[in-house]
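Notes for the one structure printed next.
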Number of protein chains: 4
Amino acid sequence: MSDNTAILLMHCPDRPGLVASLTGIINEGGGNILHLDQWVNHEENIFFMRIEWNLAGFTVPRERIGEWFETRFGSRFGVHHSLHFSNERPRMAIFVSKMSHCLYDMLARHAAGEWRVDIPLIVSNHPDLQPVAERFGIEFRCFPVTPENKAAQEEAELALLRDFDIDMVVLARYMQVLSDDFIRRYSNPIINIHHSFLPAFMGARPYHAAHARGVKLIGATSHFVTADLDQGPIIEQDVVHITHKDTVERLVRKGQDLEKIVLSRAVTKLLDHRVLAYGNRTVVFD
Amino acid sequence: MSDNTAILLMHCPDRPGLVASLTGIINEGGGNILHLDQWVNHEENIFFMRIEWNLAGFTVPRERIGEWFETRFGSRFGVHHSLHFSNERPRMAIFVSKMSHCLYDMLARHAAGEWRVDIPLIVSNHPDLQPVAERFGIEFRCFPVTPENKAAQEEAELALLRDFDIDMVVLARYMQVLSDDFIRRYSNPIINIHHSFLPAFMGARPYHAAHARGVKLIGATSHFVTADLDQGPIIEQDVVHITHKDTVERLVRKGQDLEKIVLSRAVTKLLDHRVLAYGNRTVVFD
Amino acid sequence: MSDNTAILLMHCPDRPGLVASLTGIINEGGGNILHLDQWVNHEENIFFMRIEWNLAGFTVPRERIGEWFETRFGSRFGVHHSLHFSNERPRMAIFVSKMSHCLYDMLARHAAGEWRVDIPLIVSNHPDLQPVAERFGIEFRCFPVTPENKAAQEEAELALLRDFDIDMVVLARYMQVLSDDFIRRYSNPIINIHHSFLPAFMGARPYHAAHARGVKLIGATSHFVTADLDQGPIIEQDVVHITHKDTVERLVRKGQDLEKIVLSRAVTKLLDHRVLAYGNRTVVFD
Amino acid sequence: MSDNTAILLMHCPDRPGLVASLTGIINEGGGNILHLDQWVNHEENIFFMRIEWNLAGFTVPRERIGEWFETRFGSRFGVHHSLHFSNERPRMAIFVSKMSHCLYDMLARHAAGEWRVDIPLIVSNHPDLQPVAERFGIEFRCFPVTPENKAAQEEAELALLRDFDIDMVVLARYMQVLSDDFIRRYSNPIINIHHSFLPAFMGARPYHAAHARGVKLIGATSHFVTADLDQGPIIEQDVVHITHKDTVERLVRKGQDLEKIVLSRAVTKLLDHRVLAYGNRTVVFD
């Protein structure tokens with residue numbers, strides 16, 4: 001990704017001339033297109049595009065690009081779009097419980113400068129990982145959840161996300177189900193890592209279920225969180241082979257490596273603005 | 001595999017001394033052990049073993065080995081076992097419908113001498129693949145199945161399997177569900193290839209279901225056929241990555257490569273006597 | 001792939017406006033663009049594109065499209081291109097030696113109608129696979145090669161490829177090195193399958209070399225054949241995990257499954273006109 | 001792994017009766033065998049075994065087990081062996097340079113209690129990762145290396161390893177070649193992670209070489225360090241698919257995930273006493 005580019009993710013009903021028209025108006029404005037990926041879902045007649053162009057020499061001022069796009073293109077073709085800039089640093093909150101593997105993997109990438117993101121906040125329902133947060137100098141807030149206090153705690157979490165101006169939430173093995181209310185009210189993306197190759201083994205204790213079924217591979221799935229548990233659009237999945245020798249304990253150990261890599265790949269793609277959710281699926285531009 | 005060996009697959013309750021005792025009596029009889037694989041399921045306290053020894057120099061005559069094993073070892077420890085000889089050629093029947101990819105893959109291996117097996121019979125519920133059978137000079141029998149004639153057709157198939165002295169049945173994309181009655185009455189192994197990573201997408205049209213769900217990988221599963229549809233012990237599974245670009249038609253194309261390889265790997269392991277089913281799972285010795 | 005489309009594979013020096021310009025002139029001619037994939041190699045400033053459009057309603061007659069493209073676009077931007085039509089059936093010759101696994105895999109796909117290609121000719125330096133060719137009703141020609149007769153035999157092979165009007169040659173475990181002279185004089189694509197993850201284990205007996213080195217995975221590589229042995233542009237590669245238990249014989253068995261799948265994937269991509277070689281590398285559009 | 005077990009890794013010339021004999025004497029001493037894995041390299045006639053038994057109830061005192069084994073078994077059969085106890089905690093030093101991904105991955109596992117090991121020391125030739133060491137409260141020592149001071153710095157490093165009583169050294173992207181002298185004089189295991197699928201792309205800058213060659217997958221290899229650079233026995237390898245779109249920068253990013261997982265898998269197997277090197281290869285018991 002270059003230092004000063006605009007990235008547009010969009011979809012609209014397909015019709016002839018969309019690519020020619022959009023590349024034409026960007027060229028006209030002096031924008032040098034660096035990356036263009038488009039794909040048409042011919043079954044549902046939807047056009048998807050990710051386009052990135054250099055802002056050096058682009059005549060539309062940065063703060064007017066959204067309006068310019070809407071006027072010149074979006075409103076004519078019924079486009080849904082999101083506009084990003086490569087030099088923005090979104091603010092991410094990580095939700096955890098007791099397991100540290102995904103959290104460490106994310107914080108190590110952040111500390112090494114691998115991701116263009118700020119991580120000002122870690123939220124947990126258990127105090128166990130506070131020392132990890134301290135190691136990396138990140139604010140840690142603990143909200144123990146009981147059936148009685150769940151609504152109040154989520155209210156407090158939502159307020160905290162607002163206070164910290166959080167642009168995206170990553171559930172890094174957060175072992176609490178967020179309420180529909182929380183999901184509806186928090187309008188930015190929430191992504192989760194589930195420790196199975198969904199849709200197999202939805203819900204709790206998937207490694208136990210995998211072991212009991214005698215499968216020969218286990219998986220991990222990163223997906224957007226929606227009101228339907230483990231049913232949101234899938235961003236990334238991978239699997240690893242196992243054998244009859246693998247006890248549940250060994251499955252957990254093998255699975256954790258998969259979980260952290262799959263989650264971090266999904267986060268990377270999100271931060272690179274390569275992921276576009278529609279209905280219950282995603283388009284992931286490479 | 002050597003040319004004249006005995007292979008014993010067994011399991012029994014675990015207790016100290018089993019390996020020492022069995023290797024001791026084989027050595028005592030002059031048997032040179034070529035391969036020994038054992039594994040203990042400590043959760044359920046079951047001992048599993050695959051042991052292969054050279055019959056050259058072994059003092060127990062081949063036809064008495066089963067009895068000898070039972071007397072000297074099996075009956076003392078409550079062993080379930082199966083005994084095989086490397087120079088036997090089991091007789092396999094292949095059940096197909098309209099798709100040829102798994103059938104060709106198996107017949108090509110057979111023709112190339114990759115498998116120590118005879119394939120005297122192909123059974124189908126459609127006439128489409130008769131030319132393939134003819135190409136390889138194999139008897140082809142067609143039993144179209146309707147709800148009305150299903151019981152009678154299965155009766156005829158069972159008689160045919162008896163007449164052809166078939167030791168194992170492979171369902172190579174056979175698109176009919178065998179009745180419980182058929183499965184119960186045919187006492188030799190039946191293995192199937194299912195075109196998904198079970199337990200996800202059981203039943204019909206798994207590629208359509210995978211596409212609708214927006215998964216990022218598709219799989220194939222080879223398993224023993226039991227009375228519970230798609231629930232038998234899994235022998236082999238694998239997956240391939242897909243993207244949003246893959247239409248159902250492309251999933252089918254990618255999936256077929258997976259299906260034939262996964263099925264043939266499972267058949268290979270079965271023919272090498274490396275697979276031991278217990279409960280709803282398998283031990284697959286490498 | 002639709003039934004009546006044009007597919008253009010091209011590359012040229014990158015400059016602003018290429019996509020807008022080309023999509024513009026196709027739209028102008030009434031062509032409905034079905035697929036557009038483009039990629040810019042920013043290091044070398046090369047623009048690559050694969051574009052497919054429906055010919056129904058396209059005003060340029062099919063036989064003039066090449067000229068039209070050259071005039072309206074190609075000559076202005078210094079484009080190298082190749083033009084294909086979805087309803088053409090190229091003619092493929094397969095070269096083999098003694099091993100049948102790749103040959104069967106290709107013929108099975110052909111027989112099943114998976115590929116839009118004709119396979120009128122099989123060439124070998126050994127008579128062993130003649131029965132396979134006969135099974136599928138394909139002409140088989142045997143050219144035993146010795147150091148003395150190699151030049152003459154290759155001359156005869158080239159004449160045969162001309163007589164049979166062959167558009168592409170696939171070396172399906174052909175165990176003879178083609179001479180530079182043959183490669184230079186045969187101007188259509190030749191692709192090969194090498195039984196290692198190139199550039200490791202170039203040359204003869206890669207499974208023996210892999211076993212001696214104690215690697216934990218073996219691979220297969222499909223590549224264009226150029227004058228430098230095993231150095232041509234790579235189209236497709238894959239690997240499979242192995243263990244210390246795998247003898248050379250078992251490596252060969254595991255490797256053959258990989259070889260046939262990797263080769264057939266490469267052929268599929270070539271037949272779909274998704275592969276573009278430049279220098280020593282390929283662009284493979286998905 | 002249980003809490004109080006002995007683990008014996010051994011190899012010797014193969015002969016009949018080895019398994020029976022060894023399991024016999026362990027049973028005789030009251031040892032309950034928990035895991036037994038054996039494999040015979042029939043080409044070279046070498047017998048390999050990993051055997052683990054419970055020390056509760058075993059009549060030979062822990063400090064005499066080595067002697068007991070040598071007397072009762074080892075000296076009779078010409079055995080090379082190493083003896084380990086599950087409740088020991090070996091001491092590991094990690095060598096690094098500037099890249100933190102492997103270091104973080106190892107320290108996170110250590111901090112989470114995933115490994116039974118102590119990590120008292122991090123050595124580097126650059127100061128960059130001192131803050132990471134401090135985050136985890138681990139001693140960090142910096143030895144900048146120049147052609148002139150290399151011998152002296154290695155001398156100091158060897159003294160440090162002695163002082164810290166280090167049982168194994170892990171090179172976690174340490175970008176200095178250790179001298180033959182260092183390797184000869186440090187008698188405990190040294191393992192390395194190389195960022196390619198060896199033997200392809202040995203030496204420096206493998207991602208640049210992979211990109212220049214146009215391969216379709218990149219790999220990582222963990223191996224024992226021997227005097228021959230990148231030639232030591234391989235413990236673990238894996239690969240990931242890439243495309244023409246992957247710049248060197250993207251290869252580095254994808255490769256780092258592979259490197260850390262492959263290295264940590266190798267360390268895990270070493271700590272579980274599952275790895276046995278012989279000649280230029282390894283036996284890795286699962």
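Numbering starts fresh at 1 for the residues of each chain in the structure tokens, the chains themselves are lettered A, B, ... in the order given, and ligands are numbered from 1 as they appear.
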- Message: Give me, as a VMD selection string, all polymer residues having an atom no more than 12 Å from C:His208, counting only C-alpha atoms and skipping those fewer than 2 positions away in the same chain.
- Response: chain C and resid 195 to 196 201 to 206 210 to 215 218 246 to 252 255
Under the rule of at most 12 Å, produce a per-residue listing of chain C near chain B: chain, number, name, the closest pair of atoms, and the distance in Å, as a tab-separated table, using only C-alpha atoms.
residue	atom	partner	partner_atom	distance
C:Met1	CA	B:Glu249	CA	10.3
C:His35	CA	B:Lys245	CA	10.6
C:Asp37	CA	B:Lys245	CA	11.6
C:Lys98	CA	B:Ala112	CA	10.2
C:Met99	CA	B:Ala112	CA	8.2
C:Ser100	CA	B:Ala112	CA	6.9
C:His101	CA	B:Ala108	CA	6.9
C:Cys102	CA	B:Ala108	CA	9.8
C:Leu103	CA	B:Ala108	CA	9.4
C:Tyr104	CA	B:Ala108	CA	6.2
C:Asp105	CA	B:Asp105	CA	7.0
C:Met106	CA	B:Tyr104	CA	10.4
C:Leu107	CA	B:Tyr104	CA	9.3
C:Ala108	CA	B:Tyr104	CA	6.2
C:Arg109	CA	B:His101	CA	7.4
C:His110	CA	B:His101	CA	10.7
C:Ala111	CA	B:Ser100	CA	9.1
C:Ala112	CA	B:Ser100	CA	6.8
C:Gly113	CA	B:Ser100	CA	10.4
C:Glu114	CA	B:Arg253	CA	8.2
C:Trp115	CA	B:Arg253	CA	10.7
C:Asp128	CA	B:Ala112	CA	10.9
C:Leu129	CA	B:Ala112	CA	10.0
C:Pro131	CA	B:Phe136	CA	10.3
C:Val132	CA	B:Ala111	CA	9.3
C:Ala133	CA	B:Arg135	CA	10.7
C:Glu134	CA	B:Arg135	CA	9.1
C:Arg135	CA	B:Arg135	CA	5.5
C:Phe136	CA	B:Arg135	CA	7.4
C:Gly137	CA	B:Arg135	CA	9.7
C:Asp238	CA	B:Val240	CA	11.7
C:Val240	CA	B:Asp238	CA	11.7
C:Ile242	CA	B:Asp286	CA	10.5
C:Thr243	CA	B:Asp286	CA	9.4
C:His244	CA	B:Asp286	CA	10.8
C:Lys245	CA	B:Asp286	CA	8.0
C:Asp246	CA	B:Asp286	CA	9.3
C:Thr247	CA	B:Met1	CA	11.2
C:Glu249	CA	B:Met1	CA	10.3
C:Arg250	CA	B:Met1	CA	10.3
C:Val252	CA	B:Glu114	CA	10.9
C:Arg253	CA	B:Glu114	CA	8.2
C:Lys254	CA	B:Arg265	CA	9.2
C:Gly255	CA	B:Ile261	CA	11.9
C:Gln256	CA	B:Arg109	CA	10.5
C:Asp257	CA	B:Ile261	CA	7.2
C:Leu258	CA	B:Ile261	CA	9.3
C:Glu259	CA	B:Ile261	CA	11.9
C:Lys260	CA	B:Asp257	CA	10.0
C:Ile261	CA	B:Asp257	CA	7.2
C:Val262	CA	B:Asp257	CA	10.3
C:Leu263	CA	B:Asp257	CA	12.0
C:Ser264	CA	B:Asp257	CA	9.6
C:Arg265	CA	B:Lys254	CA	9.2
C:Thr268	CA	B:Arg253	CA	10.3
C:Phe285	CA	B:Lys245	CA	11.3
C:Asp286	CA	B:Lys245	CA	8.0
- Which residues, written as a PyMOL selection string, have at least one atom at most 12 Å from D:Arg76, with only C-alpha atoms counted and residues fewer than 5 positions away on the same chain left out? chain D and resi 12-13+15+18+21-22+69-71
Please write the residues from the selection above to a file, keeping N, CA, C and O atoms, as a compact mmCIF listing (two decimals), in the first residue's frame.
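Full text of out-v8.txt as output:
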# COMPACT_ATOMS: atom_id res chain seq x y z
N CYS D 12 19.52 -48.43 17.05
CA CYS D 12 20.57 -49.47 17.05
C CYS D 12 20.37 -50.34 15.82
O CYS D 12 19.34 -50.24 15.15
N PRO D 13 21.32 -51.18 15.49
CA PRO D 13 21.11 -52.10 14.38
C PRO D 13 19.88 -52.96 14.64
O PRO D 13 19.66 -53.40 15.78
N ARG D 15 17.45 -56.11 14.83
CA ARG D 15 17.50 -57.57 14.91
C ARG D 15 16.22 -58.04 15.57
O ARG D 15 15.55 -57.27 16.28
N LEU D 18 13.95 -57.09 19.59
CA LEU D 18 14.28 -55.86 20.33
C LEU D 18 13.09 -55.34 21.12
O LEU D 18 13.20 -55.00 22.30
N SER D 21 12.16 -57.62 23.98
CA SER D 21 13.16 -57.59 25.04
C SER D 21 13.03 -56.32 25.88
O SER D 21 12.99 -56.37 27.11
N LEU D 22 12.93 -55.17 25.22
CA LEU D 22 12.90 -53.91 25.98
C LEU D 22 11.58 -53.76 26.75
O LEU D 22 11.58 -53.37 27.92
N PHE D 69 19.48 -49.18 32.00
CA PHE D 69 19.18 -49.41 30.59
C PHE D 69 20.43 -49.89 29.85
O PHE D 69 20.38 -50.83 29.05
N GLU D 70 21.54 -49.23 30.11
CA GLU D 70 22.80 -49.57 29.45
C GLU D 70 23.19 -51.03 29.73
O GLU D 70 23.55 -51.79 28.84
N THR D 71 23.08 -51.41 30.99
CA THR D 71 23.46 -52.76 31.41
C THR D 71 22.53 -53.83 30.83
O THR D 71 22.96 -54.83 30.26
- Task: Could you tell me, as a list in words, which residues of stretch 82-178 of chain A DSSP assigns to strand (DSSP E) when given the backbone?
- Result: Ser82, Leu83, His84, Phe85, Arg91, Met92, Ala93, Ile94, Phe95, Val96, Asp118, Ile119, Pro120, Leu121, Ile122, Val123, Ser124, Glu139, Phe140, Arg141, Cys142, Met168, Val169, Val170 and Leu171 of chain A
- stretch 56-58 of chain C environment, 7 Å, only C-alpha atoms, sequence neighbours closer than 4 positions dropped, as a list in words: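 Listing them by chain and then by number gives Gly29, Gly30 and Gly31 of chain C.
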- Message: Please return, as a ChimeraX atom specification, all residues of stretch 163-203 of chain D that DSSP assigns to helix (DSSP H, G or I) on the basis of the backbone.
- Response: /D:163,180-185
- Taking only C-alpha atoms into account, which of C:Ser97, C:Arg274, C:Ile166, C:Glu88 comes nearest C:Phe143?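 Ranked by minimum distance to C:Phe143, first place goes to C:Ser97.
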- Message: One decimal, in Å: what's the spacing between atom CA of A:Gly219 and atom CA of D:Val239?
- Response: 17.4 Å
- Task: Skip D:Gln130 itself and residues of its chain fewer than 4 positions away, then list as a PyMOL selection string all residues within 9 Å of it, counting only C-alpha atoms.
- Result: chain D and resi 122+124+126+134-135+139-142
Go ahead and write the residues just picked, C-alpha atoms, as a compact mmCIF listing (two decimals), in the first residue's frame.
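File result.txt, as written:
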# COMPACT_ATOMS: atom_id res chain seq x y z
CA ILE D 122 18.20 -13.92 24.66
CA SER D 124 21.48 -10.86 19.67
CA HIS D 126 21.78 -6.08 17.29
CA GLU D 134 12.46 -6.52 28.80
CA ARG D 135 8.72 -6.84 28.23
CA GLU D 139 18.11 -11.23 30.19
CA PHE D 140 19.21 -9.74 26.85
CA ARG D 141 22.86 -9.73 25.78
CA CYS D 142 24.07 -7.99 22.63
- For B:Leu34, work out the shell of residues within 7 Å, counting only C-alpha atoms and skipping chain neighbours fewer than 3 positions away, then give it as a ChimeraX atom specification. /B:52-54
Mind checking which residues fall within 9 Å of stretch 189-194 of chain B, counting only C-alpha atoms, ignoring those fewer than 6 positions away in the same chain, and posting them as a compact mmCIF listing (two decimals) with all heavy atoms, in the first residue's frame?
# COMPACT_ATOMS: atom_id res chain seq x y z
N ASP B 167 -15.43 -58.85 -1.61
CA ASP B 167 -14.94 -58.62 -0.25
C ASP B 167 -15.13 -57.19 0.24
O ASP B 167 -15.04 -56.93 1.44
CB ASP B 167 -13.43 -58.92 -0.19
CG ASP B 167 -13.13 -60.35 -0.55
OD1 ASP B 167 -13.70 -61.24 0.11
OD2 ASP B 167 -12.34 -60.59 -1.49
N MET B 168 -15.29 -56.27 -0.68
CA MET B 168 -15.52 -54.88 -0.25
C MET B 168 -16.22 -54.10 -1.35
O MET B 168 -15.99 -54.34 -2.55
CB MET B 168 -14.21 -54.18 0.13
CG MET B 168 -13.20 -54.09 -1.00
SD MET B 168 -11.58 -53.47 -0.45
CE MET B 168 -12.00 -51.80 0.02
N VAL B 169 -17.06 -53.15 -0.93
CA VAL B 169 -17.81 -52.33 -1.87
C VAL B 169 -17.36 -50.88 -1.70
O VAL B 169 -17.26 -50.39 -0.58
CB VAL B 169 -19.32 -52.45 -1.61
CG1 VAL B 169 -20.11 -51.39 -2.37
CG2 VAL B 169 -19.82 -53.86 -1.99
N VAL B 170 -17.09 -50.23 -2.83
CA VAL B 170 -16.73 -48.81 -2.80
C VAL B 170 -17.80 -48.02 -3.54
O VAL B 170 -18.06 -48.29 -4.72
CB VAL B 170 -15.35 -48.57 -3.45
CG1 VAL B 170 -15.03 -47.07 -3.48
CG2 VAL B 170 -14.27 -49.32 -2.69
N LEU B 171 -18.41 -47.07 -2.84
CA LEU B 171 -19.41 -46.20 -3.47
C LEU B 171 -18.68 -44.99 -4.04
O LEU B 171 -18.27 -44.10 -3.31
CB LEU B 171 -20.46 -45.76 -2.46
CG LEU B 171 -21.12 -46.86 -1.61
CD1 LEU B 171 -22.20 -46.25 -0.70
CD2 LEU B 171 -21.72 -47.95 -2.50
N ALA B 172 -18.49 -44.99 -5.36
CA ALA B 172 -17.67 -43.97 -6.03
C ALA B 172 -18.60 -42.93 -6.66
O ALA B 172 -18.74 -42.87 -7.88
CB ALA B 172 -16.76 -44.62 -7.06
N ARG B 173 -19.18 -42.09 -5.81
CA ARG B 173 -20.23 -41.14 -6.19
C ARG B 173 -21.50 -41.88 -6.67
O ARG B 173 -22.08 -41.52 -7.69
CB ARG B 173 -19.75 -40.11 -7.23
CG ARG B 173 -18.63 -39.22 -6.75
CD ARG B 173 -18.99 -38.36 -5.54
NE ARG B 173 -20.26 -37.66 -5.65
CZ ARG B 173 -20.41 -36.47 -6.22
NH1 ARG B 173 -19.38 -35.84 -6.70
NH2 ARG B 173 -21.60 -35.90 -6.28
N TYR B 174 -21.88 -42.90 -5.88
CA TYR B 174 -23.15 -43.59 -6.10
C TYR B 174 -24.24 -42.75 -5.45
O TYR B 174 -24.20 -42.52 -4.23
CB TYR B 174 -23.08 -44.99 -5.48
CG TYR B 174 -24.33 -45.82 -5.64
CD1 TYR B 174 -24.78 -46.19 -6.90
CD2 TYR B 174 -25.03 -46.26 -4.52
CE1 TYR B 174 -25.93 -46.98 -7.03
CE2 TYR B 174 -26.17 -47.05 -4.65
CZ TYR B 174 -26.61 -47.40 -5.91
OH TYR B 174 -27.74 -48.19 -6.04
N ILE B 183 -27.32 -52.57 4.25
CA ILE B 183 -26.09 -52.38 5.03
C ILE B 183 -25.96 -53.47 6.09
O ILE B 183 -24.87 -53.99 6.33
CB ILE B 183 -26.10 -50.97 5.66
CG1 ILE B 183 -25.98 -49.93 4.54
CG2 ILE B 183 -24.97 -50.80 6.67
CD1 ILE B 183 -26.38 -48.53 4.94
N MET B 202 -23.94 -32.29 5.39
CA MET B 202 -24.41 -33.66 5.20
C MET B 202 -25.54 -33.64 4.18
O MET B 202 -26.15 -32.61 3.94
CB MET B 202 -24.92 -34.23 6.52
CG MET B 202 -23.78 -34.53 7.50
SD MET B 202 -24.34 -35.46 8.94
CE MET B 202 -24.83 -34.09 10.01
N GLY B 203 -25.80 -34.81 3.61
CA GLY B 203 -26.96 -34.93 2.73
C GLY B 203 -26.69 -34.43 1.32
O GLY B 203 -25.55 -34.36 0.88
N PRO B 206 -24.13 -30.75 -1.41
CA PRO B 206 -23.24 -30.00 -0.51
C PRO B 206 -22.53 -28.83 -1.18
O PRO B 206 -22.24 -27.83 -0.49
CB PRO B 206 -22.23 -31.05 -0.04
CG PRO B 206 -22.37 -32.19 -0.96
CD PRO B 206 -23.75 -32.16 -1.50
N GLY B 219 -14.48 -29.46 0.93
CA GLY B 219 -13.79 -30.67 1.32
C GLY B 219 -14.43 -31.91 0.75
O GLY B 219 -15.44 -31.87 0.05
N ALA B 220 -13.77 -33.03 1.04
CA ALA B 220 -14.31 -34.34 0.70
C ALA B 220 -13.96 -35.29 1.84
O ALA B 220 -12.93 -35.12 2.50
CB ALA B 220 -13.73 -34.84 -0.62
N THR B 221 -14.83 -36.26 2.06
CA THR B 221 -14.70 -37.16 3.20
C THR B 221 -14.95 -38.59 2.75
O THR B 221 -15.99 -38.88 2.16
CB THR B 221 -15.75 -36.80 4.28
OG1 THR B 221 -15.59 -35.43 4.66
CG2 THR B 221 -15.59 -37.69 5.51
N SER B 222 -14.02 -39.48 3.03
CA SER B 222 -14.29 -40.90 2.77
C SER B 222 -14.53 -41.60 4.11
O SER B 222 -13.76 -41.41 5.06
CB SER B 222 -13.12 -41.54 2.04
OG SER B 222 -13.42 -42.90 1.79
N HIS B 223 -15.60 -42.36 4.17
CA HIS B 223 -16.01 -42.95 5.44
C HIS B 223 -16.65 -44.32 5.22
O HIS B 223 -17.11 -44.63 4.12
CB HIS B 223 -16.99 -42.02 6.16
CG HIS B 223 -18.26 -41.78 5.38
ND1 HIS B 223 -19.39 -42.53 5.56
CD2 HIS B 223 -18.55 -40.88 4.42
CE1 HIS B 223 -20.33 -42.10 4.74
NE2 HIS B 223 -19.85 -41.10 4.03
N PHE B 224 -16.67 -45.11 6.26
CA PHE B 224 -17.41 -46.36 6.22
C PHE B 224 -18.90 -46.05 6.22
O PHE B 224 -19.35 -45.12 6.89
CB PHE B 224 -17.10 -47.23 7.44
CG PHE B 224 -15.73 -47.85 7.40
CD1 PHE B 224 -14.71 -47.38 8.22
CD2 PHE B 224 -15.46 -48.91 6.54
CE1 PHE B 224 -13.45 -47.97 8.19
CE2 PHE B 224 -14.20 -49.49 6.50
CZ PHE B 224 -13.19 -49.03 7.33
N VAL B 225 -19.63 -46.86 5.47
CA VAL B 225 -21.07 -46.66 5.41
C VAL B 225 -21.73 -47.44 6.55
O VAL B 225 -21.47 -48.64 6.72
CB VAL B 225 -21.63 -47.13 4.06
CG1 VAL B 225 -23.16 -47.08 4.05
CG2 VAL B 225 -21.05 -46.28 2.94
N THR B 226 -22.53 -46.72 7.32
CA THR B 226 -23.31 -47.35 8.39
C THR B 226 -24.77 -46.96 8.18
O THR B 226 -25.08 -46.20 7.26
CB THR B 226 -22.83 -46.88 9.77
OG1 THR B 226 -23.00 -45.45 9.82
CG2 THR B 226 -21.37 -47.23 10.01
N ASP B 230 -24.13 -40.62 6.23
CA ASP B 230 -23.00 -39.68 6.36
C ASP B 230 -22.45 -39.59 7.78
O ASP B 230 -21.80 -38.61 8.15
CB ASP B 230 -23.38 -38.26 5.87
CG ASP B 230 -23.78 -38.25 4.40
OD1 ASP B 230 -23.34 -39.14 3.66
OD2 ASP B 230 -24.55 -37.36 4.01
N ILE B 235 -12.47 -42.12 7.40
CA ILE B 235 -11.14 -42.68 7.09
C ILE B 235 -10.19 -41.58 6.65
O ILE B 235 -9.04 -41.53 7.06
CB ILE B 235 -11.26 -43.75 5.98
CG1 ILE B 235 -12.23 -44.86 6.40
CG2 ILE B 235 -9.88 -44.33 5.66
CD1 ILE B 235 -12.62 -45.79 5.27
N GLU B 259 -12.36 -35.27 -4.42
CA GLU B 259 -13.12 -36.50 -4.16
C GLU B 259 -12.34 -37.73 -4.58
O GLU B 259 -12.25 -38.72 -3.85
CB GLU B 259 -14.45 -36.47 -4.93
CG GLU B 259 -15.43 -35.42 -4.47
CD GLU B 259 -16.48 -35.13 -5.53
OE1 GLU B 259 -16.74 -36.02 -6.37
OE2 GLU B 259 -17.03 -34.02 -5.53
N LYS B 260 -11.80 -37.68 -5.80
CA LYS B 260 -11.16 -38.90 -6.29
C LYS B 260 -9.88 -39.19 -5.53
O LYS B 260 -9.57 -40.35 -5.25
CB LYS B 260 -10.93 -38.81 -7.81
CG LYS B 260 -9.83 -37.91 -8.26
CD LYS B 260 -9.85 -37.83 -9.79
CE LYS B 260 -8.65 -37.03 -10.30
NZ LYS B 260 -8.76 -36.68 -11.71
N VAL B 262 -9.17 -38.27 -2.35
CA VAL B 262 -9.52 -38.67 -0.98
C VAL B 262 -10.06 -40.10 -0.98
O VAL B 262 -9.68 -40.91 -0.13
CB VAL B 262 -10.53 -37.67 -0.37
CG1 VAL B 262 -11.15 -38.22 0.91
CG2 VAL B 262 -9.83 -36.34 -0.08
N LEU B 263 -10.91 -40.42 -1.93
CA LEU B 263 -11.44 -41.78 -1.98
C LEU B 263 -10.32 -42.79 -2.24
O LEU B 263 -10.22 -43.82 -1.56
CB LEU B 263 -12.52 -41.90 -3.07
CG LEU B 263 -13.11 -43.30 -3.23
CD1 LEU B 263 -13.75 -43.80 -1.93
CD2 LEU B 263 -14.16 -43.34 -4.35
N ALA B 266 -8.20 -43.43 0.75
CA ALA B 266 -8.88 -44.29 1.72
C ALA B 266 -8.84 -45.74 1.27
O ALA B 266 -8.56 -46.64 2.08
CB ALA B 266 -10.33 -43.82 1.91
N VAL B 267 -9.08 -45.98 -0.01
CA VAL B 267 -9.04 -47.36 -0.52
C VAL B 267 -7.63 -47.93 -0.36
O VAL B 267 -7.45 -49.08 0.07
CB VAL B 267 -9.48 -47.41 -2.01
CG1 VAL B 267 -9.22 -48.78 -2.61
CG2 VAL B 267 -10.96 -47.06 -2.12
- Message: Report, in Å to a single decimal, how far apart atom CA of B:Leu270 and atom CA of B:Arg116 are.
- Response: 11.0 Å
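For the pair atom CA of D:Gln38 and atom CA of B:Met10, the interatomic distance is 17.4 Å.
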- Query: Counting only C-alpha atoms, which of D:Val79, D:Val19, D:Met175, D:Ala200 gets nearest to B:Ile51?
  - Reply: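 Checking each of D:Val79, D:Val19, D:Met175, D:Ala200 against B:Ile51, counting only C-alpha atoms, the winner is D:Val19.
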